[in-house]
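Next comes my_file_21.pdb, with PDB, C-alpha atoms and all ligand atoms.
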```
ATOM      1  CA  MET A  41     -81.221-177.601 -99.288
ATOM      2  CA  VAL A  42     -79.705-180.602 -97.528
ATOM      3  CA  GLY A  43     -75.974-180.988 -98.121
ATOM      4  CA  THR A  44     -75.714-177.973-100.445
ATOM      5  CA  ARG A  45     -74.092-174.811 -99.221
ATOM      6  CA  ARG A  46     -74.236-171.991-101.677
ATOM      7  CA  PRO A  47     -71.345-169.566-102.072
ATOM      8  CA  PRO A  48     -71.857-166.244-100.265
ATOM      9  CA  TYR A  49     -74.610-164.118-101.782
ATOM     10  CA  VAL A  50     -76.203-160.704-101.282
ATOM     11  CA  LEU A  51     -79.175-160.721 -98.938
ATOM     12  CA  HIS A  52     -79.731-156.937 -98.926
ATOM     13  CA  ASP A  53     -77.893-154.673-101.336
ATOM     14  CA  SER A  54     -76.703-151.195-100.428
ATOM     15  CA  GLY A  55     -79.620-149.534-102.235
ATOM     16  CA  SER A  56     -82.306-151.437-100.373
ATOM     17  CA  ILE A  57     -80.467-150.857 -97.085
ATOM     18  CA  ALA A  58     -80.372-147.094 -97.763
ATOM     19  CA  ALA A  59     -84.099-147.054 -98.521
ATOM     20  CA  ARG A  60     -84.933-148.914 -95.311
ATOM     21  CA  VAL A  61     -82.597-146.748 -93.212
ATOM     22  CA  ALA A  62     -84.437-143.659 -94.517
ATOM     23  CA  GLU A  63     -87.747-145.155 -93.361
ATOM     24  CA  LEU A  64     -86.370-146.036 -89.939
ATOM     25  CA  GLY A  65     -84.930-142.553 -89.482
ATOM     26  CA  ALA A  66     -88.258-140.968 -90.381
ATOM     27  CA  ALA A  67     -90.083-143.239 -87.912
ATOM     28  CA  ILE A  68     -87.678-142.389 -85.075
ATOM     29  CA  ALA A  69     -88.075-138.672 -85.766
ATOM     30  CA  GLU A  70     -91.864-138.976 -85.850
ATOM     31  CA  ASP A  71     -91.934-140.907 -82.558
ATOM     32  CA  HIS A  72     -89.674-138.359 -80.843
ATOM     33  CA  PRO A  73     -91.015-134.938 -81.825
ATOM     34  CA  ALA A  74     -89.508-133.264 -78.752
ATOM     35  CA  GLY A  75     -87.167-133.919 -75.853
ATOM     36  CA  ASP A  76     -83.560-134.946 -75.530
ATOM     37  CA  LEU A  77     -82.795-137.909 -77.811
ATOM     38  CA  VAL A  78     -79.589-139.943 -77.702
ATOM     39  CA  LEU A  79     -78.703-142.796 -80.029
ATOM     40  CA  VAL A  80     -76.412-145.356 -78.434
ATOM     41  CA  SER A  81     -74.332-147.590 -80.666
ATOM     42  CA  VAL A  82     -72.875-150.857 -79.453
ATOM     43  CA  LEU A  83     -69.402-151.127 -80.913
ATOM     44  CA  LYS A  84     -68.241-152.248 -83.265
ATOM     45  CA  GLY A  85     -70.947-153.781 -85.444
ATOM     46  CA  GLY A  86     -73.567-151.061 -84.972
ATOM     47  CA  ALA A  87     -71.309-148.174 -85.959
ATOM     48  CA  VAL A  88     -71.888-148.295 -89.734
ATOM     49  CA  PHE A  89     -75.667-148.455 -89.282
ATOM     50  CA  LEU A  90     -75.561-145.606 -86.747
ATOM     51  CA  ALA A  91     -73.594-143.388 -89.117
ATOM     52  CA  ASP A  92     -76.232-143.737 -91.821
ATOM     53  CA  LEU A  93     -79.224-143.737 -89.474
ATOM     54  CA  ILE A  94     -78.458-140.434 -87.741
ATOM     55  CA  ARG A  95     -78.289-138.694 -91.111
ATOM     56  CA  ALA A  96     -81.829-139.934 -91.805
ATOM     57  CA  ILE A  97     -83.267-138.380 -88.608
ATOM     58  CA  PRO A  98     -84.249-134.758 -89.244
ATOM     59  CA  ARG A  99     -84.097-133.473 -85.671
ATOM     60  CA  SER A 100     -81.533-132.606 -83.025
ATOM     61  CA  LEU A 101     -79.932-135.622 -81.355
ATOM     62  CA  SER A 102     -76.777-136.876 -79.655
ATOM     63  CA  VAL A 103     -74.779-140.046 -80.160
ATOM     64  CA  ASP A 104     -72.885-142.089 -77.635
ATOM     65  CA  PHE A 105     -71.026-145.399 -77.740
ATOM     66  CA  MET A 106     -70.663-148.465 -75.591
ATOM     67  CA  ALA A 107     -68.304-151.382 -76.025
ATOM     68  CA  ILE A 108     -68.986-154.656 -74.269
ATOM     69  CA  SER A 109     -67.491-158.110 -74.070
ATOM     70  CA  PRO A 110     -69.149-161.286 -72.861
ATOM     71  CA  PHE A 111     -68.256-162.792 -69.488
ATOM     72  CA  GLY A 112     -66.316-165.970 -70.273
ATOM     73  CA  SER A 113     -66.294-167.693 -73.630
ATOM     74  CA  ASP A 114     -68.492-170.712 -72.979
ATOM     75  CA  GLY A 115     -71.746-168.942 -73.723
ATOM     76  CA  ASP A 116     -73.277-169.634 -70.297
ATOM     77  CA  ALA A 117     -73.187-166.049 -69.059
ATOM     78  CA  GLY A 118     -76.864-165.566 -69.914
ATOM     79  CA  GLY A 119     -76.077-162.426 -71.831
ATOM     80  CA  ARG A 120     -74.246-160.754 -68.962
ATOM     81  CA  VAL A 121     -71.588-158.522 -70.390
ATOM     82  CA  ARG A 122     -68.605-156.596 -69.156
ATOM     83  CA  ILE A 123     -68.679-152.938 -70.114
ATOM     84  CA  VAL A 124     -65.368-152.255 -71.834
ATOM     85  CA  LYS A 125     -66.313-148.681 -72.717
ATOM     86  CA  ASP A 126     -69.206-146.954 -70.978
ATOM     87  CA  LEU A 127     -71.298-144.049 -72.234
ATOM     88  CA  ASP A 128     -69.611-140.658 -72.022
ATOM     89  CA  GLU A 129     -72.766-138.832 -70.894
ATOM     90  CA  PRO A 130     -75.516-139.583 -68.332
ATOM     91  CA  ILE A 131     -78.876-140.651 -69.816
ATOM     92  CA  ASP A 132     -81.266-139.708 -66.987
ATOM     93  CA  GLY A 133     -84.232-137.791 -68.342
ATOM     94  CA  ARG A 134     -83.317-138.576 -71.952
ATOM     95  CA  ALA A 135     -84.938-140.824 -74.562
ATOM     96  CA  VAL A 136     -82.465-143.542 -75.583
ATOM     97  CA  VAL A 137     -82.482-145.546 -78.800
ATOM     98  CA  VAL A 138     -79.967-148.395 -78.808
ATOM     99  CA  VAL A 139     -78.731-149.016 -82.348
ATOM    100  CA  GLU A 140     -77.713-152.594 -83.114
ATOM    101  CA  ASP A 141     -76.465-154.388 -86.203
ATOM    102  CA  ILE A 142     -78.303-157.637 -85.475
ATOM    103  CA  VAL A 143     -80.299-159.074 -82.600
ATOM    104  CA  ASP A 144     -79.827-162.814 -82.394
ATOM    105  CA  THR A 145     -80.563-164.551 -79.067
ATOM    106  CA  GLY A 146     -81.302-161.121 -77.596
ATOM    107  CA  LEU A 147     -79.389-162.013 -74.430
ATOM    108  CA  THR A 148     -76.798-159.263 -74.805
ATOM    109  CA  LEU A 149     -79.350-156.601 -75.543
ATOM    110  CA  ALA A 150     -81.730-157.655 -72.759
ATOM    111  CA  TYR A 151     -78.902-157.347 -70.253
ATOM    112  CA  LEU A 152     -77.697-154.061 -71.707
ATOM    113  CA  ARG A 153     -81.218-152.685 -71.607
ATOM    114  CA  SER A 154     -81.517-153.494 -67.906
ATOM    115  CA  ILE A 155     -78.241-151.649 -67.246
ATOM    116  CA  LEU A 156     -79.474-148.585 -69.134
ATOM    117  CA  LEU A 157     -82.955-148.592 -67.537
ATOM    118  CA  ALA A 158     -81.341-148.457 -64.085
ATOM    119  CA  ARG A 159     -79.960-145.028 -65.065
ATOM    120  CA  HIS A 160     -83.472-143.492 -65.220
ATOM    121  CA  PRO A 161     -83.838-142.518 -68.871
ATOM    122  CA  VAL A 162     -87.242-141.440 -70.170
ATOM    123  CA  SER A 163     -87.260-144.539 -72.379
ATOM    124  CA  VAL A 164     -84.967-147.170 -73.861
ATOM    125  CA  GLU A 165     -85.938-148.423 -77.294
ATOM    126  CA  VAL A 166     -84.101-150.628 -79.753
ATOM    127  CA  CYS A 167     -83.414-150.079 -83.440
ATOM    128  CA  THR A 168     -81.778-153.025 -85.176
ATOM    129  CA  LEU A 169     -80.903-153.396 -88.824
ATOM    130  CA  LEU A 170     -81.457-157.152 -88.693
ATOM    131  CA  ASP A 171     -83.731-159.211 -86.460
ATOM    132  CA  ARG A 172     -83.032-162.945 -86.327
ATOM    133  CA  ALA A 173     -86.113-163.697 -84.249
ATOM    134  CA  VAL A 174     -85.930-167.423 -84.966
ATOM    135  CA  ARG A 175     -83.009-167.678 -82.502
ATOM    136  CA  ARG A 176     -84.449-165.402 -79.812
ATOM    137  CA  ILE A 177     -84.019-166.592 -76.216
ATOM    138  CA  ALA A 178     -84.591-163.382 -74.259
ATOM    139  CA  PRO A 179     -88.001-161.846 -74.998
ATOM    140  CA  LEU A 180     -87.438-158.341 -76.336
ATOM    141  CA  ASP A 181     -89.672-155.588 -77.571
ATOM    142  CA  ILE A 182     -87.816-154.241 -80.595
ATOM    143  CA  ARG A 183     -89.470-151.055 -81.778
ATOM    144  CA  TYR A 184     -87.537-150.501 -85.002
ATOM    145  CA  VAL A 185     -86.493-153.389 -87.275
ATOM    146  CA  GLY A 186     -84.800-152.980 -90.634
ATOM    147  CA  PHE A 187     -85.171-156.509 -91.969
ATOM    148  CA  ASP A 188     -86.044-159.921 -90.610
ATOM    149  CA  CYS A 189     -82.980-162.144 -90.894
ATOM    150  CA  PRO A 190     -82.962-165.852 -91.758
ATOM    151  CA  ASP A 191     -80.976-168.296 -89.643
ATOM    152  CA  LEU A 192     -77.745-167.719 -91.572
ATOM    153  CA  PHE A 193     -74.478-166.029 -90.680
ATOM    154  CA  VAL A 194     -74.261-162.578 -92.257
ATOM    155  CA  VAL A 195     -71.396-160.165 -92.907
ATOM    156  CA  GLY A 196     -71.056-156.629 -94.233
ATOM    157  CA  TYR A 197     -72.563-153.230 -93.422
ATOM    158  CA  GLY A 198     -70.676-153.263 -90.122
ATOM    159  CA  LEU A 199     -70.945-156.997 -89.426
ATOM    160  CA  ASP A 200     -67.652-158.858 -89.361
ATOM    161  CA  LEU A 201     -66.149-162.209 -90.144
ATOM    162  CA  ASP A 202     -63.160-162.527 -87.827
ATOM    163  CA  GLN A 203     -63.002-158.701 -87.555
ATOM    164  CA  HIS A 204     -62.841-158.232 -91.335
ATOM    165  CA  HIS A 205     -65.337-157.354 -94.076
ATOM    166  CA  ARG A 206     -67.233-154.702 -92.076
ATOM    167  CA  ASN A 207     -66.716-152.397 -95.100
ATOM    168  CA  ILE A 208     -68.801-154.515 -97.467
ATOM    169  CA  PRO A 209     -71.707-152.160 -98.317
ATOM    170  CA  HIS A 210     -74.278-154.969 -98.580
ATOM    171  CA  VAL A 211     -75.518-157.589 -96.125
ATOM    172  CA  VAL A 212     -74.066-160.854 -97.401
ATOM    173  CA  ALA A 213     -75.239-164.326 -96.345
ATOM    174  CA  VAL A 214     -72.485-166.857 -95.634
ATOM    175  CA  GLU A 215     -73.820-170.398 -95.509
ATOM    176  CA  ASP A 216     -70.413-172.064 -95.165
ATOM    177  CA  VAL A 217     -68.636-170.003 -92.527
ATOM    178  CA  ALA A 218     -65.681-172.396 -92.244
ATOM    179  CA  ALA A 219     -65.025-172.157 -95.990
ATOM    180  CA  ALA A 220     -65.176-168.351 -95.885
ATOM    181  CA  GLN A 221     -62.773-168.311 -92.935
ATOM    182  CA  ALA A 222     -60.411-170.596 -94.829
ATOM    183  CA  ASP A 223     -60.579-168.428 -97.953
ATOM    184  CA  PRO A 224     -61.717-164.903 -97.039
ATOM    185  CA  THR A 225     -61.023-163.734-100.614
ATOM    186  CA  CYS A 226     -64.361-165.346-101.525
ATOM    187  CA  LEU A 227     -65.928-162.176-100.069
ATOM    188  CA  ASP A 228     -63.801-159.732-102.080
ATOM    189  CA  ARG A 229     -66.360-159.547-104.891
ATOM    190  CA  PHE A 230     -68.742-157.796-102.470
ATOM    191  CA  LEU A 231     -66.305-154.992-101.584
ATOM    192  CA  PRO A 232     -67.106-151.321-102.289
ATOM    193  CA  GLY A 233     -66.947-150.356-105.943
ATOM    194  CA  VAL A 234     -67.593-153.851-107.248
ATOM    195  CA  PRO A 235     -70.973-154.218-109.018
ATOM    196  CA  VAL A 236     -73.420-156.340-107.036
ATOM    197  CA  PRO A 237     -72.755-159.832-108.415
ATOM    198  CA  LEU A 238     -75.944-161.654-107.490
ATOM    199  CA  ALA A 239     -79.587-160.723-107.241
ATOM    200  CA  ALA A 240     -80.513-159.221-103.886
ATOM    201  CA  HIS A 241     -83.184-160.878-101.746
ATOM    202  CA  ASP A 242     -82.115-164.213-103.156
ATOM    203  CA  VAL A 243     -83.022-166.055 -99.979
ATOM    204  CA  PRO A 244     -82.987-169.848-100.110
ATOM    205  CA  GLU A 245     -86.015-171.882 -99.046
TER     206      GLU A 245
HETATM  207  P1  LIG B 301     -77.115-161.871 -79.160
HETATM  208  O1  LIG B 301     -76.840-161.574 -77.707
HETATM  209  O2  LIG B 301     -78.381-161.234 -79.655
HETATM  210  O3  LIG B 301     -77.113-163.352 -79.421
HETATM  211  O4  LIG B 301     -75.846-161.315 -79.925
HETATM  212  C1  LIG B 301     -75.937-160.341 -80.904
HETATM  213  C2  LIG B 301     -74.538-159.998 -81.382
HETATM  214  O5  LIG B 301     -73.899-161.165 -81.917
HETATM  215  C3  LIG B 301     -74.607-159.005 -82.526
HETATM  216  O6  LIG B 301     -74.570-157.663 -82.057
HETATM  217  C4  LIG B 301     -73.385-159.377 -83.341
HETATM  218  O7  LIG B 301     -72.237-158.706 -82.834
HETATM  219  C5  LIG B 301     -73.220-160.866 -83.116
HETATM  220  N1  LIG B 301     -73.849-161.626 -84.216
HETATM  221  C6  LIG B 301     -74.997-162.342 -84.148
HETATM  222  N2  LIG B 301     -75.283-162.903 -85.344
HETATM  223  C7  LIG B 301     -74.308-162.521 -86.197
HETATM  224  C8  LIG B 301     -74.068-162.756 -87.595
HETATM  225  O8  LIG B 301     -74.797-163.437 -88.332
HETATM  226  N3  LIG B 301     -72.951-162.171 -88.128
HETATM  227  C9  LIG B 301     -72.091-161.420 -87.377
HETATM  228  N4  LIG B 301     -71.038-160.901 -87.994
HETATM  229  N5  LIG B 301     -72.295-161.170 -86.055
HETATM  230  C10 LIG B 301     -73.395-161.698 -85.473
END
```

Serialized structure, structure tokens:
Amino acid sequence: MVGTRRPPYVLHDSGSIAARVAELGAAIAEDHPAGDLVLVSVLKGGAVFLADLIRAIPRSLSVDFMAISPFGSDGDAGGRVRIVKDLDEPIDGRAVVVVEDIVDTGLTLAYLRSILLARHPVSVEVCTLLDRAVRRIAPLDIRYVGFDCPDLFVVGYGLDLDQHHRNIPHVVAVEDVAAAQADPTCLDRFLPGVPVPLAAHDVPE
């Protein structure tokens, strides 16, 4: 689609997200029949997914949160991050599942994983709602993937555009990010309570 940028459209609607989250929760429960399980959310994007995911896991578990920010702003930090908020509890001897909104280059998560592994957990696995493998730089073994993601900017279900729109219940593809930044009201039709305006899974070639 050279030269044509479609208006924002729904990639995954709230119903299909809920169905997939139920499957992921069941898989995590099945893979962790016993032992101490903690789900770690990376703020802020992963928080919405975490909230739904934990209610789809029918076993005892804990949650914890980390907040990170990249070193510098020129993108050359190789994924190294500064921990802005660390976990509240130790993770030694516990099975850890890191819950992410989207894995893109994988640099952040690869670095985070190395930090967590140094704390002697039983395991560190990753559960991401969206996997944009086409942009992967750091090789990563992602055990739980909600949906493969095309090489498009996405917002909603916890993902932001300039810190807004995390409350959109769907995952919305934004082909023209500059236009959406200039007129954020173009995303209002995806807000909660508004009927889904376009067919889901309407992914361009
Ligand atoms: P990575 O280190 O894998 O390149 O960075 C992943 C992080 O970048 C995600 O957790 C998310 O915060 C942000 N990110 C990557 N792609 C997108 C996207 O399409 N939309 C939004 N809102 N954030 C994204």

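Near range 205-211 of chain A, within 9 Å and counting all atoms listed in the file, sit A:Tyr49, A:Val50, A:Leu51, A:His52, A:Asp53, A:Ser54, A:Gly55, A:Ser56, A:Ile57, A:Gly85, A:Val88, A:Val194, A:Val195, A:Gly196, A:Tyr197, A:Gly198, A:Leu199, A:Pro224, A:Leu227, A:Asp228, A:Phe230, A:Leu231, A:Pro232, A:Val236; same-chain residues fewer than 6 positions away were not included.
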
For this session: Find the distance between CA of Ile142 in chain A and CA of Thr225 in chain A and write it in Å to one decimal.
Result: 23.8 Å

Exercise. Any chance you could work out the residue set of the PyMOL selection byres (((chain A and resi 153-156) around 10) and not hetatm) here, as an MDAnalysis selection string?
Worked result: chainID A and resid 127 130:132 136 138 147:152 157:161 163:166 180

For this session: Excluding Leu77 in chain A and any residue of its chain fewer than 6 positions from it, enumerate the residues within 9 Å of it, using all atoms listed in the file, and give them as number ranges by chain.
Result: A: 100-103, 134-137

For the file shown, report as an mmCIF file with C-alpha atoms, in the frame of the given file the outcome of the PyMOL selection byres (((chain A and resi 81) around 9) and not hetatm) at residue level.
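That gives us part_34.cif:
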```
data_model
loop_
_atom_site.group_PDB
_atom_site.id
_atom_site.type_symbol
_atom_site.label_atom_id
_atom_site.label_comp_id
_atom_site.auth_asym_id
_atom_site.auth_seq_id
_atom_site.Cartn_x
_atom_site.Cartn_y
_atom_site.Cartn_z
ATOM 1 C CA LEU A 79 -78.703 -142.796 -80.029
ATOM 2 C CA VAL A 80 -76.412 -145.356 -78.434
ATOM 3 C CA VAL A 82 -72.875 -150.857 -79.453
ATOM 4 C CA LEU A 83 -69.402 -151.127 -80.913
ATOM 5 C CA LYS A 84 -68.241 -152.248 -83.265
ATOM 6 C CA GLY A 85 -70.947 -153.781 -85.444
ATOM 7 C CA GLY A 86 -73.567 -151.061 -84.972
ATOM 8 C CA ALA A 87 -71.309 -148.174 -85.959
ATOM 9 C CA PHE A 89 -75.667 -148.455 -89.282
ATOM 10 C CA LEU A 90 -75.561 -145.606 -86.747
ATOM 11 C CA VAL A 103 -74.779 -140.046 -80.160
ATOM 12 C CA ASP A 104 -72.885 -142.089 -77.635
ATOM 13 C CA PHE A 105 -71.026 -145.399 -77.740
ATOM 14 C CA MET A 106 -70.663 -148.465 -75.591
ATOM 15 C CA ALA A 107 -68.304 -151.382 -76.025
ATOM 16 C CA VAL A 137 -82.482 -145.546 -78.800
ATOM 17 C CA VAL A 138 -79.967 -148.395 -78.808
ATOM 18 C CA VAL A 139 -78.731 -149.016 -82.348
ATOM 19 C CA GLU A 140 -77.713 -152.594 -83.114
#
```

For this session: Please evaluate the PyMOL selection byres (((chain A and resi 170) around 8) and not hetatm) against the structure above and give the resulting residues as an NGL selection string.
Result: :A and (141-143 or 168-169 or 171-172 or 185-189)

For this session: Would you mind telling me which residue in A:Ala59, A:Ala67, A:Val212, A:Val121 lies nearest to Pro190 in chain A when using only C-alpha atoms?
Result: A:Val212

Exercise. What does the distance between atom O5 of ligand LIG 301 (chain B) and CA of Asp128 in chain A come to in Å, to one decimal place?
Worked result: 23.2 Å

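Nearest-residue note for Ala69 in chain A: choosing from A:Ile177, A:Thr145, A:Tyr184, A:Arg229, the minimum distance belongs to A:Tyr184, counting all atoms listed in the file.
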
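When all atoms listed in the file are used to compute distances to Val162 in chain A, the closest of the residues A:His72, A:Arg175, A:Glu63, A:Gly133 turns out to be A:Gly133.
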
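Closest approach to Arg46 in chain A among A:Arg95, A:Ala222, A:Ala213, A:Ala74 is made by A:Ala213 (distances from only C-alpha atoms).
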
For this session: Would you mind reading off the distance between CA of Val174 in chain A and atom O7 of ligand LIG 301 (chain B), one decimal, in Å?
Result: 16.4 Å

Problem set entry | Pick from A:Asp200, A:Asp92, A:Asp126, A:Glu70, whichever lies nearest to ligand LIG 301 (chain B) using all atoms listed in the file | A:Asp200

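With all atoms listed in the file as the basis for measurement, A:Leu201 is the residue among A:Ala178, A:Leu201, A:Ile108, A:Ile94 that approaches ligand LIG 301 (chain B) most closely.
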
Six-sided padding of 5 Å per side, axis-aligned box over range 221-228 of chain A, centre and edges in Å, one decimal, as JSON:
```
{"center_x": -63.2, "center_y": -165.2, "center_z": -97.5, "size_x": 15.5, "size_y": 20.9, "size_z": 19.1}
```
